[in-house]
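The structure file upload.cif is reproduced below (mmCIF, C-alpha atoms).
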data_coords
loop_
_atom_site.label_atom_id
_atom_site.label_comp_id
_atom_site.auth_asym_id
_atom_site.auth_seq_id
_atom_site.Cartn_x
_atom_site.Cartn_y
_atom_site.Cartn_z
CA MET M 1 -6.67 -4.04 -24.32
CA LYS M 2 -3.38 -4.26 -22.45
CA ASP M 3 -3.63 -3.69 -18.73
CA TYR M 4 -1.27 -0.74 -18.58
CA ILE M 5 -3.32 1.06 -21.25
CA LYS M 6 -6.47 0.46 -19.21
CA TYR M 7 -4.76 1.74 -16.05
CA GLY M 8 -3.37 4.74 -17.92
CA LEU M 9 -6.84 5.62 -19.24
CA GLY M 10 -8.26 5.32 -15.72
CA ILE M 11 -5.66 7.72 -14.36
CA LEU M 12 -6.37 10.08 -17.25
CA VAL M 13 -10.05 10.16 -16.27
CA VAL M 14 -9.04 10.98 -12.68
CA VAL M 15 -6.83 13.84 -13.86
CA ALA M 16 -9.63 15.06 -16.14
CA ILE M 17 -12.08 15.17 -13.21
CA PHE M 18 -9.83 17.54 -11.27
CA ALA M 19 -8.77 19.55 -14.30
CA PHE M 20 -12.45 20.12 -15.06
CA SER M 21 -13.06 21.25 -11.47
CA LEU M 22 -10.24 23.78 -11.74
CA LEU M 23 -11.28 25.09 -15.16
CA PHE M 24 -14.98 25.13 -14.30
CA ASN M 25 -14.53 27.78 -11.60
CA ARG M 26 -11.31 29.62 -12.16
CA ASP M 27 -12.00 32.32 -9.60
CA ALA M 28 -12.90 30.02 -6.73
CA ALA M 29 -10.65 29.99 -3.66
CA PHE M 30 -10.85 26.18 -3.21
CA THR M 31 -10.90 26.48 0.55
CA GLY M 32 -11.07 23.14 2.33
CA THR M 33 -14.50 21.81 3.21
CA ASP M 34 -13.16 21.33 6.75
CA ASP M 35 -12.89 25.10 7.11
CA ALA M 36 -16.21 25.63 5.38
CA GLY M 37 -17.68 23.27 7.99
CA LYS M 38 -16.25 25.44 10.76
CA ASN M 39 -17.86 28.52 9.24
CA ALA M 40 -21.19 26.72 8.86
CA ILE M 41 -21.08 25.83 12.57
CA LEU M 42 -20.43 29.45 13.53
CA GLY M 43 -23.18 30.50 11.12
CA ILE M 44 -25.71 28.33 12.93
CA ASN M 45 -24.41 29.02 16.41
CA PRO M 46 -22.41 32.28 16.54
CA ASP M 47 -22.01 32.00 20.32
CA TYR M 48 -20.18 28.68 20.18
CA ARG M 49 -16.92 28.82 22.11
CA VAL M 50 -14.19 26.44 20.96
CA TRP M 51 -13.31 24.67 24.19
CA PHE M 52 -10.15 22.87 23.16
CA GLN M 53 -7.23 24.12 21.09
CA PRO M 54 -4.91 21.93 19.01
CA LEU M 55 -1.89 20.93 21.08
CA TRP M 56 0.35 21.98 18.20
CA LYS M 57 -0.32 23.81 14.99
CA PRO M 58 2.21 23.71 12.15
CA LYS M 59 3.00 26.80 10.04
CA PRO M 60 1.44 26.56 6.54
CA GLU M 61 4.78 25.56 4.97
CA THR M 62 5.41 22.89 7.57
CA GLU M 63 1.85 21.71 7.13
CA SER M 64 2.28 21.10 3.39
CA MET M 65 5.59 19.38 4.12
CA LEU M 66 3.90 17.06 6.61
CA PHE M 67 1.06 16.32 4.18
CA ALA M 68 3.65 15.46 1.56
CA LEU M 69 5.42 13.28 4.13
CA GLN M 70 2.18 11.42 4.79
CA ALA M 71 1.69 10.82 1.07
CA ALA M 72 5.35 9.79 0.73
CA ILE M 73 5.07 7.17 3.48
CA GLY M 74 2.05 5.66 1.74
CA ALA M 75 3.59 5.86 -1.73
CA PHE M 76 6.77 4.23 -0.43
CA VAL M 77 4.83 1.21 0.84
CA ILE M 78 2.86 0.92 -2.41
CA GLY M 79 6.09 1.16 -4.44
CA TYR M 80 7.76 -1.44 -2.23
CA PHE M 81 4.82 -3.78 -2.76
CA ILE M 82 4.86 -3.48 -6.55
CA GLY M 83 8.67 -3.82 -6.63
CA PHE M 84 8.52 -6.86 -4.38
CA ASP M 85 6.04 -8.49 -6.75
CA ARG M 86 8.14 -7.81 -9.81
CA GLY M 87 11.24 -9.13 -8.08
CA SER M 88 9.62 -12.36 -6.98
CA LYS M 89 8.19 -12.96 -10.44
CA LYS M 90 11.65 -12.55 -12.00
CA ASN M 91 13.18 -14.91 -9.46
CA LEU M 92 10.52 -17.49 -10.15
CA LYS M 93 11.30 -17.42 -13.86
CA LYS M 94 15.04 -17.71 -13.22
CA GLU M 95 14.58 -20.70 -10.98
CA ARG M 96 12.36 -22.43 -13.49
CA ARG M 97 14.99 -21.93 -16.15
CA LYS M 98 17.70 -23.34 -13.87
CA LYS M 99 15.61 -26.42 -13.21
CA GLN M 100 15.12 -26.95 -16.93
CA ILE M 101 18.87 -26.81 -17.50
CA ILE M 102 19.56 -29.31 -14.72
CA ASN M 103 16.90 -31.68 -15.95
CA MET X 1 -14.60 15.15 7.01
CA HIS X 2 -12.20 16.31 9.71
CA ILE X 3 -14.15 18.11 12.39
CA ALA X 4 -11.78 20.77 13.71
CA GLU X 5 -10.37 20.49 17.21
CA GLY X 6 -12.79 21.74 19.86
CA PHE X 7 -15.65 22.03 17.37
CA LEU X 8 -17.77 19.34 18.95
CA PRO X 9 -19.34 20.10 22.33
CA PRO X 10 -17.93 17.88 25.14
CA PHE X 11 -21.04 15.68 25.22
CA TRP X 12 -20.74 14.74 21.54
CA ALA X 13 -16.94 14.46 21.69
CA ILE X 14 -17.26 11.83 24.44
CA PHE X 15 -20.27 10.19 22.80
CA TRP X 16 -18.43 9.53 19.52
CA TRP X 17 -15.26 8.43 21.31
CA LEU X 18 -17.25 5.85 23.24
CA THR X 19 -19.03 4.69 20.07
CA SER X 20 -15.80 4.28 18.09
CA LEU X 21 -13.62 2.75 20.78
CA PRO X 22 -15.07 -0.80 20.64
CA PHE X 23 -14.56 -0.90 16.85
CA ILE X 24 -10.93 0.22 17.20
CA ILE X 25 -10.28 -2.42 19.87
CA TYR X 26 -11.94 -5.06 17.70
CA GLY X 27 -9.71 -3.89 14.84
CA VAL X 28 -6.57 -4.35 16.94
CA TRP X 29 -7.67 -7.87 17.89
CA LYS X 30 -8.62 -8.75 14.32
CA THR X 31 -5.38 -7.39 12.86
CA GLY X 32 -3.37 -9.35 15.43
CA LYS X 33 -5.26 -12.48 14.49
CA ILE X 34 -4.60 -12.00 10.79
CA PHE X 35 -0.89 -11.41 11.42
CA LYS X 36 -0.63 -14.57 13.48
CA LYS X 37 -2.69 -16.88 11.29
CA HIS X 38 -1.72 -15.49 7.90
CA PRO X 39 1.66 -13.75 8.01
CA GLU X 40 1.56 -13.80 4.18
CA TYR X 41 -1.19 -11.14 4.28
CA LYS X 42 1.01 -8.65 6.12
CA LEU X 43 2.29 -6.86 3.06
CA THR X 44 -1.15 -6.67 1.46
CA LEU X 45 -2.57 -5.28 4.68
CA ALA X 46 0.21 -2.71 4.84
CA VAL X 47 -0.46 -1.69 1.27
CA SER X 48 -4.18 -1.19 1.87
CA GLY X 49 -3.23 0.99 4.86
CA ALA X 50 -0.80 2.86 2.63
CA PHE X 51 -3.67 3.59 0.27
CA ILE X 52 -5.52 5.36 3.09
CA PHE X 53 -2.31 7.25 3.92
CA VAL X 54 -1.82 8.54 0.38
CA LEU X 55 -5.42 9.29 -0.56
CA SER X 56 -6.38 11.00 2.70
CA SER X 57 -3.34 13.27 2.45
CA LEU X 58 -4.45 14.71 -0.88
CA LYS X 59 -6.53 17.86 -0.82
CA LEU X 60 -8.28 17.93 -4.16
CA PRO X 61 -10.34 20.58 -5.94
CA SER X 62 -14.01 19.93 -6.58
CA VAL X 63 -16.52 21.35 -9.04
CA THR X 64 -18.10 23.31 -6.19
CA GLY X 65 -15.02 25.54 -5.90
CA SER X 66 -13.92 24.07 -2.58
CA SER X 67 -11.45 21.29 -1.95
CA SER X 68 -11.68 18.13 0.07
CA HIS X 69 -9.97 14.84 0.92
CA PRO X 70 -10.66 11.37 -0.42
CA THR X 71 -10.64 8.66 2.26
CA GLY X 72 -8.99 5.64 0.58
CA THR X 73 -10.75 3.19 2.89
CA GLY X 74 -12.53 1.11 0.24
CA LEU X 75 -9.64 -1.25 -0.57
CA ALA X 76 -8.93 -2.25 3.02
CA ALA X 77 -12.64 -2.64 3.73
CA VAL X 78 -13.20 -4.99 0.80
CA LEU X 79 -10.05 -7.05 1.43
CA PHE X 80 -9.84 -7.19 5.23
CA GLY X 81 -13.22 -6.06 6.50
CA PRO X 82 -14.37 -3.03 8.45
CA GLY X 83 -12.64 -3.91 11.76
CA VAL X 84 -9.13 -3.74 10.32
CA THR X 85 -10.08 -0.61 8.39
CA ALA X 86 -11.25 1.10 11.59
CA LEU X 87 -7.80 0.58 13.10
CA LEU X 88 -6.00 1.77 9.94
CA SER X 89 -8.17 4.89 9.76
CA PHE X 90 -7.56 5.57 13.45
CA ILE X 91 -3.80 5.53 12.83
CA VAL X 92 -4.09 7.91 9.86
CA LEU X 93 -6.44 10.27 11.69
CA ILE X 94 -4.29 10.44 14.82
CA PHE X 95 -1.29 11.31 12.62
CA GLN X 96 -3.29 14.13 11.05
CA ALA X 97 -4.73 15.35 14.35
CA LEU X 98 -1.40 15.51 16.20
CA LEU X 99 1.01 16.54 13.45
CA LEU X 100 -1.15 18.51 11.02
CA ALA X 101 -3.81 20.01 13.31
CA HIS X 102 -6.30 18.45 10.89
CA GLY X 103 -9.16 17.20 12.98
CA GLY X 104 -8.37 16.91 16.66
CA ILE X 105 -8.12 14.77 19.74
CA THR X 106 -11.56 15.78 20.99
CA THR X 107 -13.13 15.15 17.58
CA LEU X 108 -11.11 12.02 16.77
CA GLY X 109 -13.90 9.68 17.93
CA ALA X 110 -16.37 11.33 15.55
CA ASP X 111 -13.86 11.34 12.66
CA VAL X 112 -13.01 7.66 13.16
CA PHE X 113 -16.72 6.88 13.25
CA SER X 114 -17.43 8.51 9.87
CA MET X 115 -14.27 7.59 7.95
CA GLY X 116 -13.16 4.40 9.70
CA ILE X 117 -16.44 2.75 10.65
CA VAL X 118 -19.55 3.79 8.70
CA GLY X 119 -17.67 4.22 5.39
CA PRO X 120 -15.88 0.84 5.50
CA PHE X 121 -18.96 -1.00 6.85
CA THR X 122 -21.01 0.35 3.98
CA ALA X 123 -18.29 -0.61 1.51
CA TYR X 124 -18.06 -4.11 2.91
CA LEU X 125 -21.81 -4.73 2.91
CA LEU X 126 -22.30 -3.21 -0.53
CA PHE X 127 -19.46 -5.30 -1.92
CA ARG X 128 -20.99 -8.47 -0.49
CA ALA X 129 -24.44 -7.58 -1.80
CA LEU X 130 -23.16 -6.73 -5.29
CA ARG X 131 -21.18 -9.97 -5.44
CA ALA X 132 -24.29 -11.90 -4.41
CA LEU X 133 -26.10 -10.18 -7.29
CA LYS X 134 -23.33 -11.46 -9.58
CA ALA X 135 -21.85 -8.04 -10.36
CA SER X 136 -18.26 -8.28 -11.60
CA LEU X 137 -15.42 -7.92 -9.08
CA ASN X 138 -14.22 -4.61 -10.47
CA ILE X 139 -17.67 -3.06 -10.57
CA SER X 140 -18.39 -4.21 -7.02
CA VAL X 141 -15.10 -2.73 -5.77
CA PHE X 142 -15.72 0.51 -7.66
CA ILE X 143 -19.20 1.07 -6.25
CA ALA X 144 -18.12 0.05 -2.75
CA ALA X 145 -15.19 2.50 -2.80
CA VAL X 146 -17.22 5.41 -4.19
CA ILE X 147 -20.03 5.03 -1.68
CA SER X 148 -17.59 4.44 1.20
CA ASP X 149 -15.93 7.79 0.46
CA TRP X 150 -19.16 9.67 -0.04
CA ILE X 151 -21.11 8.28 2.93
CA THR X 152 -18.21 9.34 5.20
CA TYR X 153 -19.04 12.96 4.47
CA VAL X 154 -22.77 12.38 4.90
CA VAL X 155 -22.04 11.02 8.38
CA THR X 156 -19.87 14.05 9.20
CA SER X 157 -22.79 16.26 8.15
CA LEU X 158 -25.14 14.29 10.39
CA GLN X 159 -22.73 14.46 13.34
CA LEU X 160 -22.49 18.23 13.00
CA ALA X 161 -26.26 18.55 12.54
CA LEU X 162 -26.87 16.60 15.76
CA ALA X 163 -24.46 18.86 17.66
CA TYR X 164 -25.71 22.09 16.07
CA PRO X 165 -29.44 22.03 15.33
CA ALA X 166 -30.47 25.11 13.36
CA ALA X 167 -33.52 27.24 14.14
CA ASN X 168 -35.57 24.82 12.03
CA GLY X 169 -34.15 21.75 13.76
CA ILE X 170 -31.62 19.04 13.06
CA LEU X 171 -32.92 18.46 9.55
CA GLY X 172 -32.35 22.13 8.74
CA SER X 173 -28.71 22.08 9.78
CA PHE X 174 -28.20 18.64 8.19
CA THR X 175 -29.10 20.23 4.85
CA ILE X 176 -26.65 23.07 5.48
CA PHE X 177 -23.79 20.67 6.30
CA LEU X 178 -24.64 18.37 3.40
CA GLY X 179 -24.38 21.43 1.19
CA VAL X 180 -20.85 21.99 2.49
CA PHE X 181 -19.59 18.40 2.39
CA ALA X 182 -21.67 16.02 0.31
CA ILE X 183 -21.84 17.76 -3.06
CA ALA X 184 -18.17 18.71 -3.11
CA GLN X 185 -17.33 15.10 -2.40
CA ILE X 186 -19.06 13.50 -5.40
CA PRO X 187 -16.27 13.97 -8.01
CA LEU X 188 -13.64 13.01 -5.42
CA ALA X 189 -15.50 9.84 -4.56
CA VAL X 190 -15.66 8.83 -8.23
CA ALA X 191 -11.93 9.53 -8.69
CA GLU X 192 -11.14 7.50 -5.60
CA GLY X 193 -13.25 4.63 -6.92
CA ILE X 194 -11.27 4.59 -10.19
CA LEU X 195 -7.89 4.58 -8.39
CA ILE X 196 -8.94 1.77 -6.07
CA VAL X 197 -10.24 -0.37 -8.94
CA ILE X 198 -6.95 0.08 -10.81
CA PHE X 199 -4.94 -1.08 -7.82
CA PHE X 200 -7.38 -3.86 -7.02
CA ASP X 201 -7.23 -5.13 -10.59
CA TYR X 202 -3.43 -5.11 -10.44
CA LEU X 203 -3.49 -6.98 -7.12
CA LYS X 204 -5.92 -9.55 -8.47
CA LYS X 205 -3.61 -10.29 -11.40
CA SER X 206 -0.25 -10.14 -9.66
CA ARG X 207 -1.34 -12.24 -6.69
CA PRO X 208 -4.32 -14.25 -7.89
CA LYS X 209 -4.10 -16.85 -5.13
CA LEU X 210 -3.88 -14.31 -2.35
CA ALA X 211 -6.71 -12.21 -3.77
CA ALA X 212 -8.94 -15.25 -4.17
CA LYS X 213 -8.18 -16.38 -0.63
CA LEU X 214 -8.81 -12.93 0.83
CA LEU X 215 -12.09 -12.50 -0.99
CA GLY X 216 -13.26 -16.03 -0.29
CA LYS X 217 -12.42 -15.61 3.38
CA LEU X 218 -14.96 -12.81 3.74
CA LYS X 219 -17.99 -14.19 5.43
#
Using structure tokens, write down the structure that the file contains.
Amino acid sequence: MKDYIKYGLGILVVVAIFAFSLLFNRDAAFTGTDDAGKNAILGINPDYRVWFQPLWKPKPETESMLFALQAAIGAFVIGYFIGFDRGSKKNLKKERRKKQIIN
Amino acid sequence: MHIAEGFLPPFWAIFWWLTSLPFIIYGVWKTGKIFKKHPEYKLTLAVSGAFIFVLSSLKLPSVTGSSSHPTGTGLAAVLFGPGVTALLSFIVLIFQALLLAHGGITTLGADVFSMGIVGPFTAYLLFRALRALKASLNISVFIAAVISDWITYVVTSLQLALAYPAANGILGSFTIFLGVFAIAQIPLAVAEGILIVIFFDYLKKSRPKLAAKLLGKLK
């Protein structure tokens, strides 16, 4: 099997995992486990006083923008890496061809 | 796995900071050493950090009806070891704590400990053990990445249980927190494992020498 088919199938499985999660409970709110953790703490210890507030809290829209920014930074580096590899492979081939012509 | 700002009592906030700090410092030293001795690894190191950046920014739905983050630490742990991964995770988590109010400064020590230290250490040791048992590279990476993601959330549950024992003790609240974190994480961990294997397989084929060197270097 060609590599890109294998990789494509792998990504398909990943998509299927999350599609299944969404279809399996359509009415769920999908709140973050981080928030669920907060609620569990307050469930165990209702008297707990949060003693330190975040220095800055983004609005929900800004928050999703910043999350996207974080993903974009990472994706940029991964894309650069793959592009760099392709470029150097091409160059290598070209140089080999040149050498053959000279010889 | 982010424990919200202010949600660890001061004792535990300081305790986890002090536990994590030596690993982060070791990571800085180790990364500096790699950069100096092997400048050719720089790009590969950056790309394994980028993996943590991308994966930990995704909030994904789980079968439990809640959503959670993958960690992305498996690749860096297998290639560069847990020290470097601790530093990379620290950078990602500080970005999220300061800019996104995800996690916090007081809980950063605890978050680095679960995602940047226990997860990657487990991945690294599992990978070594599986390789010693002659498991294939891809299978070893897959299992290491899945467990690294999942164990991170088990550690978060334990950290919260230690700070908030229920009426029936630490074990009681551990079960409650596991119920919140650990089950929701299973499908995410598997998905993360698949993505990391795909990239690892690509890396192995596009840079065979580098991959062989990196993996052989692990002692």
Between chain M and chain X, at 6 Å or less, what are the per-residue closest atom pairs and their distances in Å? Count only C-alpha atoms, order by chain and rising residue number, and return it as a tab-separated table.
residue	atom	partner	partner_atom	distance
M:Tyr7	CA	X:Ile198	CA	5.9
M:Val14	CA	X:Ala191	CA	5.1
M:Ser21	CA	X:Val63	CA	4.2
M:Ala28	CA	X:Gly65	CA	5.0
M:Phe30	CA	X:Ser66	CA	3.8
M:Thr31	CA	X:Ser66	CA	5.0
M:Gly32	CA	X:Ser67	CA	4.7
M:Thr33	CA	X:Ser68	CA	5.6
M:Asp34	CA	X:His2	CA	5.9
M:Ile44	CA	X:Ala166	CA	5.8
M:Val50	CA	X:Gly6	CA	5.0
M:Trp51	CA	X:Gly6	CA	5.3
M:Phe52	CA	X:Gly6	CA	4.4
M:Pro54	CA	X:Glu5	CA	5.9
M:Lys57	CA	X:Ala101	CA	5.4
M:Glu63	CA	X:Leu100	CA	5.9
M:Phe67	CA	X:Ser57	CA	5.6
M:Ala71	CA	X:Val54	CA	4.2
M:Gly74	CA	X:Ala50	CA	4.1
M:Ile78	CA	X:Val47	CA	5.6
request  = Might you spell out which residues the PyMOL selection byres ((chain X and resi 211) around 12) would select in the displayed file, as a list in words?
outcome  =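 Taken on the displayed file, the PyMOL selection byres ((chain X and resi 211) around 12) yields the residues Glu40, Tyr41, Thr44, Leu45, Leu75, Val78, Leu79, Phe80, Leu137, Phe199, Phe200, Asp201, Tyr202, Leu203, Lys204, Lys205, Ser206, Arg207, Pro208, Lys209, Leu210, Ala212, Lys213, Leu214, Leu215, Gly216, Lys217 and Leu218 of chain X.
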key: Residue contacts of Lys30 in chain X (12 Å, all atoms listed in the file) excluding same-chain residues fewer than 2 positions away, as a list in words   =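 Here the qualifying residues turn out to be Phe23, Ile24, Ile25, Tyr26, Gly27, Val28, Gly32, Lys33, Ile34, Phe35, Lys36, Lys37, His38, Leu45, Phe80, Gly81, Pro82, Gly83, Val84, Thr85, Ala86, Leu87 and Leu88 of chain X.
Atom pair CA of Lys89 in chain M / CA of Val77 in chain M: separated by 18.4 Å.
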Spatial neighbours of Ser114 in chain X, 9 Å, all atoms listed in the file, chain gap at least 6 places, as a ChimeraX atom specification = /X:1,120,151-156,159
